[in-house]
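Student: Sharing work-v7.cif below, mmCIF, C-alpha atoms and all ligand atoms:
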```cif
data_work
#
loop_
_atom_site.label_atom_id
_atom_site.label_comp_id
_atom_site.auth_asym_id
_atom_site.auth_seq_id
_atom_site.Cartn_x
_atom_site.Cartn_y
_atom_site.Cartn_z
CA MET A 1 -44.71 -97.27 55.66
CA SER A 2 -46.09 -94.07 54.12
CA SER A 3 -49.27 -95.48 52.64
CA THR A 4 -51.58 -93.51 54.95
CA THR A 5 -51.25 -90.01 53.49
CA LEU A 6 -54.54 -88.22 54.17
CA LEU A 7 -56.09 -87.00 50.92
CA GLY A 8 -59.69 -86.30 51.95
CA ALA A 9 -62.70 -87.32 49.84
CA GLY A 10 -62.23 -88.01 46.14
CA ILE A 11 -63.93 -89.45 43.09
CA GLY A 12 -62.94 -91.79 40.31
CA LEU A 13 -61.95 -89.92 37.14
CA ARG A 14 -64.19 -91.37 34.42
CA ARG A 15 -64.02 -90.22 30.81
CA GLU A 16 -67.64 -89.03 31.11
CA PHE A 17 -66.44 -86.44 33.63
CA PHE A 18 -63.35 -85.02 31.92
CA GLU A 19 -64.74 -81.74 30.61
CA ASP A 20 -67.34 -81.20 33.35
CA LEU A 21 -64.83 -81.75 36.12
CA LEU A 22 -62.27 -79.39 34.65
CA ALA A 23 -64.97 -76.74 34.19
CA SER A 24 -66.67 -77.23 37.57
CA GLU A 25 -66.28 -74.88 40.49
CA ARG A 26 -66.88 -77.85 42.79
CA ARG A 27 -63.70 -79.65 43.70
CA PRO A 28 -63.18 -83.15 45.00
CA ASP A 29 -60.09 -83.42 47.19
CA TRP A 30 -58.41 -85.98 44.95
CA LEU A 31 -58.89 -88.30 42.00
CA GLU A 32 -58.38 -91.98 41.42
CA ILE A 33 -57.71 -93.28 37.92
CA VAL A 34 -58.00 -96.84 36.61
CA SER A 35 -54.35 -97.41 35.79
CA GLU A 36 -54.91 -99.38 32.60
CA ASN A 37 -57.02 -96.58 31.08
CA PHE A 38 -54.08 -94.18 31.31
CA MET A 39 -51.02 -96.38 30.72
CA GLY A 40 -49.29 -95.52 27.47
CA VAL A 41 -52.25 -93.64 26.04
CA GLY A 42 -52.38 -90.24 24.38
CA GLY A 43 -55.28 -88.25 23.03
CA ARG A 44 -58.16 -87.11 25.19
CA SER A 45 -57.29 -89.34 28.14
CA ARG A 46 -53.73 -88.09 28.30
CA TRP A 47 -54.91 -84.51 27.95
CA ALA A 48 -57.36 -84.95 30.82
CA LEU A 49 -54.75 -86.59 33.01
CA GLU A 50 -52.26 -83.79 32.45
CA GLU A 51 -54.91 -81.17 33.22
CA CYS A 52 -55.98 -82.96 36.38
CA LEU A 53 -52.42 -83.45 37.60
CA GLY A 54 -52.11 -79.68 37.80
CA ARG A 55 -55.12 -79.49 40.10
CA TRP A 56 -55.46 -82.64 42.20
CA PRO A 57 -53.54 -85.55 43.68
CA VAL A 58 -54.14 -88.46 41.28
CA ILE A 59 -53.81 -92.05 42.49
CA PRO A 60 -53.50 -95.02 40.06
CA HIS A 61 -55.72 -98.00 40.90
CA GLY A 62 -55.26 -101.09 38.75
CA VAL A 63 -57.24 -104.14 37.73
CA ASN A 64 -54.67 -106.13 35.73
CA LEU A 65 -51.74 -106.55 38.11
CA ASN A 66 -52.75 -110.18 38.65
CA ILE A 67 -51.10 -110.31 42.06
CA GLY A 68 -52.57 -113.73 42.87
CA GLY A 69 -52.53 -115.67 39.60
CA PRO A 70 -50.04 -118.34 38.60
CA ASP A 71 -48.66 -116.37 35.64
CA PRO A 72 -45.39 -114.59 36.29
CA LEU A 73 -45.65 -110.86 36.87
CA ASP A 74 -45.90 -109.10 33.51
CA GLU A 75 -42.76 -106.99 33.04
CA ALA A 76 -44.27 -104.88 30.26
CA TYR A 77 -47.28 -104.13 32.46
CA LEU A 78 -45.03 -103.21 35.40
CA GLU A 79 -43.02 -100.87 33.18
CA GLY A 80 -46.19 -99.08 32.10
CA LEU A 81 -47.47 -98.94 35.67
CA SER A 82 -44.15 -97.60 36.96
CA GLU A 83 -44.19 -94.86 34.35
CA LEU A 84 -47.74 -93.90 35.34
CA VAL A 85 -46.93 -93.82 39.05
CA ARG A 86 -43.88 -91.66 38.33
CA ARG A 87 -45.93 -89.32 36.13
CA THR A 88 -48.68 -88.92 38.71
CA ASP A 89 -46.15 -88.74 41.57
CA ALA A 90 -48.69 -90.73 43.57
CA PRO A 91 -47.85 -91.49 47.22
CA PHE A 92 -49.12 -95.06 46.66
CA PHE A 93 -50.86 -97.25 44.09
CA SER A 94 -53.19 -100.20 44.40
CA ASP A 95 -54.78 -103.31 42.92
CA HIS A 96 -56.99 -106.17 44.09
CA PHE A 97 -56.53 -109.44 45.97
CA CYS A 98 -57.49 -111.57 42.99
CA TYR A 99 -56.21 -113.05 39.77
CA SER A 100 -56.92 -111.48 36.42
CA ARG A 101 -54.68 -113.29 33.95
CA LEU A 102 -54.19 -116.95 33.04
CA GLY A 103 -51.97 -118.53 30.40
CA GLY A 104 -50.86 -115.09 29.24
CA VAL A 105 -54.43 -113.92 28.64
CA TYR A 106 -55.93 -110.99 30.52
CA LEU A 107 -59.42 -112.04 31.59
CA HIS A 108 -60.84 -108.59 32.39
CA GLU A 109 -62.32 -109.95 35.61
CA LEU A 110 -61.28 -109.77 39.25
CA LEU A 111 -61.37 -113.52 39.90
CA PRO A 112 -61.43 -114.91 43.45
CA LEU A 113 -58.53 -116.74 45.03
CA PRO A 114 -58.77 -119.51 47.62
CA PHE A 115 -58.13 -118.48 51.19
CA ASN A 116 -55.17 -120.65 52.18
CA GLU A 117 -51.47 -120.76 53.07
CA GLU A 118 -50.39 -121.41 49.48
CA VAL A 119 -52.02 -118.19 48.29
CA ILE A 120 -50.42 -116.20 51.13
CA ALA A 121 -47.00 -117.65 50.25
CA HIS A 122 -47.57 -116.81 46.58
CA VAL A 123 -48.91 -113.27 46.98
CA VAL A 124 -46.61 -111.88 49.68
CA PRO A 125 -43.35 -112.01 47.65
CA ARG A 126 -45.17 -110.74 44.57
CA ILE A 127 -46.38 -107.66 46.44
CA ARG A 128 -42.85 -107.02 47.64
CA ALA A 129 -41.53 -107.42 44.10
CA VAL A 130 -44.15 -105.06 42.65
CA ARG A 131 -43.54 -102.44 45.32
CA ASP A 132 -39.79 -102.61 44.75
CA ARG A 133 -40.23 -102.47 40.96
CA VAL A 134 -42.62 -99.49 41.04
CA GLY A 135 -40.85 -97.77 43.92
CA ARG A 136 -43.89 -96.61 45.90
CA PRO A 137 -46.03 -98.15 48.67
CA PHE A 138 -48.64 -100.64 47.47
CA LEU A 139 -52.19 -101.02 48.78
CA LEU A 140 -54.10 -104.31 48.42
CA GLU A 141 -57.88 -104.08 47.97
CA ASN A 142 -60.34 -106.59 49.41
CA PRO A 143 -62.57 -107.68 46.51
CA SER A 144 -66.16 -108.86 46.43
CA TYR A 145 -66.61 -112.59 45.83
CA TYR A 146 -69.65 -114.73 45.32
CA GLU A 147 -68.28 -118.19 46.09
CA VAL A 148 -65.55 -119.34 48.47
CA MET A 149 -63.04 -121.05 46.22
CA PRO A 150 -62.22 -124.76 46.64
CA GLY A 151 -59.07 -125.33 48.64
CA SER A 152 -59.85 -122.60 51.18
CA THR A 153 -58.69 -123.55 54.67
CA LEU A 154 -58.62 -120.03 56.18
CA ASP A 155 -61.07 -117.14 56.03
CA GLU A 156 -60.88 -113.83 54.19
CA ALA A 157 -60.00 -111.66 57.18
CA GLU A 158 -57.13 -113.92 58.20
CA VAL A 159 -55.72 -114.12 54.68
CA LEU A 160 -55.92 -110.36 54.07
CA THR A 161 -54.33 -109.63 57.44
CA ARG A 162 -51.53 -112.15 56.96
CA ILE A 163 -50.75 -110.85 53.47
CA VAL A 164 -50.62 -107.13 54.24
CA GLU A 165 -48.63 -107.71 57.43
CA GLU A 166 -46.15 -110.18 55.92
CA ALA A 167 -45.75 -108.05 52.77
CA ASP A 168 -45.70 -104.86 54.89
CA CYS A 169 -48.11 -103.14 52.51
CA GLY A 170 -51.24 -101.05 52.95
CA LEU A 171 -54.89 -101.97 52.69
CA LEU A 172 -57.34 -100.35 50.31
CA LEU A 173 -60.46 -101.16 52.26
CA ASP A 174 -63.54 -101.32 50.06
CA VAL A 175 -66.36 -100.80 52.55
CA ASN A 176 -69.01 -101.71 50.00
CA ASN A 177 -67.22 -105.00 49.31
CA VAL A 178 -67.16 -105.76 53.03
CA TYR A 179 -70.90 -105.10 53.22
CA VAL A 180 -71.72 -107.09 50.07
CA ASN A 181 -69.58 -110.06 51.13
CA ALA A 182 -71.01 -110.00 54.64
CA GLN A 183 -74.56 -110.10 53.29
CA ASN A 184 -73.83 -112.76 50.69
CA HIS A 185 -71.80 -115.01 52.99
CA GLY A 186 -73.67 -114.37 56.20
CA TYR A 187 -71.24 -112.68 58.55
CA ASP A 188 -71.15 -109.50 60.64
CA PRO A 189 -69.36 -106.74 58.67
CA VAL A 190 -68.32 -104.80 61.77
CA ALA A 191 -66.82 -107.90 63.36
CA PHE A 192 -64.97 -108.42 60.07
CA LEU A 193 -63.51 -104.89 60.28
CA ASP A 194 -62.36 -105.59 63.82
CA ARG A 195 -60.27 -108.51 62.58
CA LEU A 196 -58.35 -106.39 60.03
CA PRO A 197 -55.15 -104.40 60.66
CA LEU A 198 -56.98 -101.09 60.34
CA GLU A 199 -53.83 -99.07 60.99
CA ARG A 200 -52.78 -100.14 57.50
CA VAL A 201 -55.81 -98.66 55.72
CA GLY A 202 -54.44 -96.28 53.08
CA TYR A 203 -57.86 -95.32 51.81
CA VAL A 204 -61.41 -96.50 51.53
CA HIS A 205 -63.64 -97.25 48.55
CA LEU A 206 -67.32 -96.35 48.78
CA ALA A 207 -69.67 -97.61 46.07
CA GLY A 208 -73.16 -98.77 45.29
CA HIS A 209 -74.42 -102.29 44.73
CA THR A 210 -77.47 -103.99 43.27
CA PRO A 211 -79.64 -106.50 45.18
CA GLU A 212 -80.52 -109.54 43.03
CA PRO A 213 -82.58 -112.58 44.11
CA GLU A 214 -79.55 -114.84 44.63
CA ALA A 215 -77.04 -112.29 45.93
CA ILE A 216 -76.13 -108.64 46.26
CA ILE A 217 -74.00 -107.72 43.25
CA ASP A 218 -71.10 -105.27 43.55
CA THR A 219 -72.04 -103.18 40.51
CA HIS A 220 -70.62 -99.71 41.25
CA GLY A 221 -73.70 -98.47 39.45
CA ALA A 222 -75.65 -96.62 42.12
CA ALA A 223 -75.34 -94.21 45.03
CA VAL A 224 -73.68 -95.52 48.18
CA PRO A 225 -76.48 -97.25 50.12
CA GLU A 226 -77.26 -96.26 53.69
CA PRO A 227 -75.90 -99.48 55.27
CA VAL A 228 -72.56 -98.83 53.54
CA TRP A 229 -72.47 -95.29 54.92
CA ASP A 230 -73.22 -96.78 58.34
CA LEU A 231 -70.35 -99.25 57.97
CA PHE A 232 -68.04 -96.43 56.88
CA ALA A 233 -69.03 -94.51 60.01
CA ALA A 234 -68.28 -97.59 62.11
CA LEU A 235 -64.87 -97.81 60.46
CA LEU A 236 -64.14 -94.13 61.17
CA GLU A 237 -64.97 -94.68 64.84
CA ARG A 238 -62.10 -97.16 64.84
CA THR A 239 -59.59 -95.36 62.60
CA GLY A 240 -60.30 -91.66 62.77
CA PRO A 241 -60.18 -89.86 59.41
CA VAL A 242 -58.98 -91.89 56.42
CA SER A 243 -58.98 -90.95 52.76
CA ALA A 244 -62.15 -91.98 50.93
CA LEU A 245 -62.98 -92.46 47.26
CA VAL A 246 -66.40 -92.73 45.64
CA GLU A 247 -66.39 -95.38 42.88
CA TRP A 248 -69.08 -95.14 40.22
CA ASP A 249 -68.37 -97.19 37.09
CA HIS A 250 -71.71 -98.10 35.50
CA ASP A 251 -74.87 -96.11 34.80
CA ILE A 252 -72.70 -93.08 35.41
CA PRO A 253 -74.78 -90.09 36.56
CA PRO A 254 -74.06 -86.38 36.16
CA LEU A 255 -70.84 -85.33 37.85
CA ASP A 256 -72.67 -83.38 40.56
CA VAL A 257 -74.33 -86.57 41.81
CA VAL A 258 -70.93 -88.17 42.41
CA LEU A 259 -69.54 -84.97 43.93
CA ASP A 260 -72.51 -84.97 46.33
CA GLN A 261 -71.41 -88.43 47.48
CA ALA A 262 -67.85 -87.19 47.99
CA ASP A 263 -69.20 -84.25 50.00
CA ARG A 264 -71.07 -86.66 52.26
CA ALA A 265 -67.90 -88.70 52.73
CA ARG A 266 -65.93 -85.55 53.53
CA ALA A 267 -68.47 -84.52 56.15
CA LEU A 268 -67.98 -87.87 57.87
CA LEU A 269 -64.19 -87.47 57.73
CA THR A 270 -64.45 -84.00 59.25
CA ALA A 271 -66.73 -85.28 62.00
CA ALA A 272 -64.28 -88.09 62.73
CA ALA A 273 -61.33 -85.73 63.22
CA PRO A 274 -60.51 -84.84 66.82
CA ALA A 275 -60.95 -81.11 67.49
CA GLY A 276 -57.84 -79.21 66.42
CA ALA A 277 -56.35 -82.27 64.72
CA GLU A 278 -54.53 -82.03 61.42
CA SER A 279 -56.68 -83.55 58.67
FE FE B 301 -63.27 -101.00 45.18
#
```
Using structure tokens, write down the structure that the file contains.
Tutor:
Amino acid sequence: MSSTTLLGAGIGLRREFFEDLLASERRPDWLEIVSENFMGVGGRSRWALEECLGRWPVIPHGVNLNIGGPDPLDEAYLEGLSELVRRTDAPFFSDHFCYSRLGGVYLHELLPLPFNEEVIAHVVPRIRAVRDRVGRPFLLENPSYYEVMPGSTLDEAEVLTRIVEEADCGLLLDVNNVYVNAQNHGYDPVAFLDRLPLERVGYVHLAGHTPEPEAIIDTHGAAVPEPVWDLFAALLERTGPVSALVEWDHDIPPLDVVLDQADRARALLTAAAPAGAES
């Protein structure tokens, strides 16, 4: 598996950043794009993508693959995704452990799946099919969830581990999601990490969240909170350097604020590298 290429510390390419990023002297190590925002589009988005491809590694990260839903995989979607992965020449691509389409309708949500054997048996061959169709390694992201779905007989760590091992794919480990889920569902986030196949982590998402009275909400609308940085540091103690990506999708601040977050992530990666090691 070649889903562990080290890229350093990157940021999500949001349309608010196009011109500022291309004009900035500050450079993230790599960029992540939301696949659907760049599939089959022209205009300003296509222009920005082409400009960025000349300067950075660009990794497609999707929300509409629907790896866990009952609908068949969408061939038109896979064609568009394959074209994007070819165009970006990305070493891997990713989407979430969720469902996002039902009855042919895209729901524009990352909806939670039950944790059980049926879901494992459903998702594993679909990941293999997607990887074979697109022709690059696939990473599965752990999502945030606010309720455990009816029909769950296993827990999240066991299901994620079984799926990525049986599908032989990578893990996009969202550290903020681990923290948010651990707080909302009352478990130890570090113990959760220790139950995952961390050697399969292709990269890490870092993001902010919003505390609400009933739960912590995974909003991607704030700086990475200190407990999430602490959990990232705990992960790095276990893995050594891994690629990291700062996600900021709502209440988007000036580019420099997000680049500051990437710089902090990079400093942690550098500190995690053994002296003289390739990074
Ligand atoms: Fe994420």
Student: Excluding same-chain residues fewer than 6 positions from segment 243-247 of chain A, what lies within 10 Å of it counting all atoms listed in the file, as a PyMOL selection string?
Tutor: chain A and resi 4-14+28-32+172-176+201-208+219-224+232+258-263+265-266+268-269+279
Student: Selection from above, C-alpha atoms, as a PDB file, keeping the file's coordinate frame, can you write it?
Tutor:
```
ATOM      1  CA  THR A   4     -51.580 -93.510  54.950  1.00  0.00           C
ATOM      2  CA  THR A   5     -51.250 -90.010  53.490  1.00  0.00           C
ATOM      3  CA  LEU A   6     -54.540 -88.220  54.170  1.00  0.00           C
ATOM      4  CA  LEU A   7     -56.090 -87.000  50.920  1.00  0.00           C
ATOM      5  CA  GLY A   8     -59.690 -86.300  51.950  1.00  0.00           C
ATOM      6  CA  ALA A   9     -62.700 -87.320  49.840  1.00  0.00           C
ATOM      7  CA  GLY A  10     -62.230 -88.010  46.140  1.00  0.00           C
ATOM      8  CA  ILE A  11     -63.930 -89.450  43.090  1.00  0.00           C
ATOM      9  CA  GLY A  12     -62.940 -91.790  40.310  1.00  0.00           C
ATOM     10  CA  LEU A  13     -61.950 -89.920  37.140  1.00  0.00           C
ATOM     11  CA  ARG A  14     -64.190 -91.370  34.420  1.00  0.00           C
ATOM     12  CA  PRO A  28     -63.180 -83.150  45.000  1.00  0.00           C
ATOM     13  CA  ASP A  29     -60.090 -83.420  47.190  1.00  0.00           C
ATOM     14  CA  TRP A  30     -58.410 -85.980  44.950  1.00  0.00           C
ATOM     15  CA  LEU A  31     -58.890 -88.300  42.000  1.00  0.00           C
ATOM     16  CA  GLU A  32     -58.380 -91.980  41.420  1.00  0.00           C
ATOM     17  CA  LEU A 172     -57.340-100.350  50.310  1.00  0.00           C
ATOM     18  CA  LEU A 173     -60.460-101.160  52.260  1.00  0.00           C
ATOM     19  CA  ASP A 174     -63.540-101.320  50.060  1.00  0.00           C
ATOM     20  CA  VAL A 175     -66.360-100.800  52.550  1.00  0.00           C
ATOM     21  CA  ASN A 176     -69.010-101.710  50.000  1.00  0.00           C
ATOM     22  CA  VAL A 201     -55.810 -98.660  55.720  1.00  0.00           C
ATOM     23  CA  GLY A 202     -54.440 -96.280  53.080  1.00  0.00           C
ATOM     24  CA  TYR A 203     -57.860 -95.320  51.810  1.00  0.00           C
ATOM     25  CA  VAL A 204     -61.410 -96.500  51.530  1.00  0.00           C
ATOM     26  CA  HIS A 205     -63.640 -97.250  48.550  1.00  0.00           C
ATOM     27  CA  LEU A 206     -67.320 -96.350  48.780  1.00  0.00           C
ATOM     28  CA  ALA A 207     -69.670 -97.610  46.070  1.00  0.00           C
ATOM     29  CA  GLY A 208     -73.160 -98.770  45.290  1.00  0.00           C
ATOM     30  CA  THR A 219     -72.040-103.180  40.510  1.00  0.00           C
ATOM     31  CA  HIS A 220     -70.620 -99.710  41.250  1.00  0.00           C
ATOM     32  CA  GLY A 221     -73.700 -98.470  39.450  1.00  0.00           C
ATOM     33  CA  ALA A 222     -75.650 -96.620  42.120  1.00  0.00           C
ATOM     34  CA  ALA A 223     -75.340 -94.210  45.030  1.00  0.00           C
ATOM     35  CA  VAL A 224     -73.680 -95.520  48.180  1.00  0.00           C
ATOM     36  CA  PHE A 232     -68.040 -96.430  56.880  1.00  0.00           C
ATOM     37  CA  VAL A 258     -70.930 -88.170  42.410  1.00  0.00           C
ATOM     38  CA  LEU A 259     -69.540 -84.970  43.930  1.00  0.00           C
ATOM     39  CA  ASP A 260     -72.510 -84.970  46.330  1.00  0.00           C
ATOM     40  CA  GLN A 261     -71.410 -88.430  47.480  1.00  0.00           C
ATOM     41  CA  ALA A 262     -67.850 -87.190  47.990  1.00  0.00           C
ATOM     42  CA  ASP A 263     -69.200 -84.250  50.000  1.00  0.00           C
ATOM     43  CA  ALA A 265     -67.900 -88.700  52.730  1.00  0.00           C
ATOM     44  CA  ARG A 266     -65.930 -85.550  53.530  1.00  0.00           C
ATOM     45  CA  LEU A 268     -67.980 -87.870  57.870  1.00  0.00           C
ATOM     46  CA  LEU A 269     -64.190 -87.470  57.730  1.00  0.00           C
ATOM     47  CA  SER A 279     -56.680 -83.550  58.670  1.00  0.00           C
TER      48      SER A 279
END
```
Student: In Å to one decimal, how far is atom CA of Glu237 of chain A from atom CA of Ala272 of chain A?
Tutor: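 Pair atom CA of Ala272 of chain A / atom CA of Glu237 of chain A returns 7.0 Å.
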Student: What is the distance, in Å and to one decimal place, between atom CA of Pro197 of chain A and atom CA of Val34 of chain A?
Tutor: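 Atom-to-atom, atom CA of Pro197 of chain A and atom CA of Val34 of chain A are spaced 25.4 Å apart.
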Student: Using all atoms listed in the file, find the one residue out of A:Glu36, A:Glu109, A:Asp74, A:Asp95 that sits nearest to ligand FE 301 (chain B).
Tutor: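 Checking each candidate against ligand FE 301 (chain B), we get A:Asp95 as the closest.
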Student: Excluding Leu111 of chain A and any residue of its chain fewer than 5 positions from it, enumerate the residues within 9 Å of it, using only C-alpha atoms, and give them as a list in words.
Tutor: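 Selected residues are Phe97, Cys98, Tyr99, Ser100, Arg101, Pro143 and Tyr145 of chain A.
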Student: Please enclose the listed atoms of segment 217-220 of chain A in an axis-aligned box, pad each side by 8 Å, and write out the centre and the three edge lengths in Å, rounded to one decimal, as lines of an AutoDock Vina configuration file.
Tutor:
```
center_x = -72.3
center_y = -103.7
center_z = 42.0
size_x = 19.4
size_y = 24.0
size_z = 19.0
```
Student: Report, in Å with one decimal, the straight-line distance from atom CA of Ala273 of chain A to atom CA of Asp194 of chain A.
Tutor: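 Answer for the atom CA of Ala273 of chain A to atom CA of Asp194 of chain A separation: 19.9 Å.
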Student: Could you give me, as a PyMOL selection string, the residues that sit within 10 Å of (-45.2, -98.4, 44.4) in the file's coordinates, counting all atoms listed in the file?
Tutor: chain A and resi 3+60+81-82+85-86+90-94+127-139+169
Student: Compile the contact shell of Glu156 of chain A as an MDAnalysis selection string: residues with an atom at most 9 Å away, counting all atoms listed in the file, same-chain residues fewer than 2 positions apart removed.
Tutor: chainID A and resid 114:115 142 154 158:161 192
Student: Restricted to C-alpha atoms, what would the selected residues look like written as a PDB file, in the frame of the given file?
Tutor:
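To be explicit, this is the file written out as selection-v7.pdb:
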```
ATOM      1  CA  PRO A 114     -58.770-119.510  47.620  1.00  0.00           C
ATOM      2  CA  PHE A 115     -58.130-118.480  51.190  1.00  0.00           C
ATOM      3  CA  ASN A 142     -60.340-106.590  49.410  1.00  0.00           C
ATOM      4  CA  LEU A 154     -58.620-120.030  56.180  1.00  0.00           C
ATOM      5  CA  GLU A 158     -57.130-113.920  58.200  1.00  0.00           C
ATOM      6  CA  VAL A 159     -55.720-114.120  54.680  1.00  0.00           C
ATOM      7  CA  LEU A 160     -55.920-110.360  54.070  1.00  0.00           C
ATOM      8  CA  THR A 161     -54.330-109.630  57.440  1.00  0.00           C
ATOM      9  CA  PHE A 192     -64.970-108.420  60.070  1.00  0.00           C
TER      10      PHE A 192
END
```
Student: Ranking A:Asn66, A:Ser144, A:Asn116, A:Asn37 by minimum distance to ligand FE 301 (chain B) and counting only C-alpha atoms and all ligand atoms, which one comes first?
Tutor: A:Ser144
Student: Which one is closest to His96 of chain A: A:Leu78, A:Cys52, A:Leu171, A:Val148? Count only C-alpha atoms.
Tutor: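 With only C-alpha atoms as the atom set, the closest residue is A:Leu171.
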Student: Using only C-alpha atoms and all ligand atoms, find the one residue out of A:Tyr146, A:Pro241, A:Asp249, A:Ala48 that sits nearest to ligand FE 301 (chain B).
Tutor: A:Asp249
Student: Using all atoms listed in the file for the distances, tell me which of A:His209, A:Arg200, A:His108, A:Arg27 is nearest to ligand FE 301 (chain B).
Tutor: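 Ranked by minimum distance to ligand FE 301 (chain B), first place goes to A:His209.
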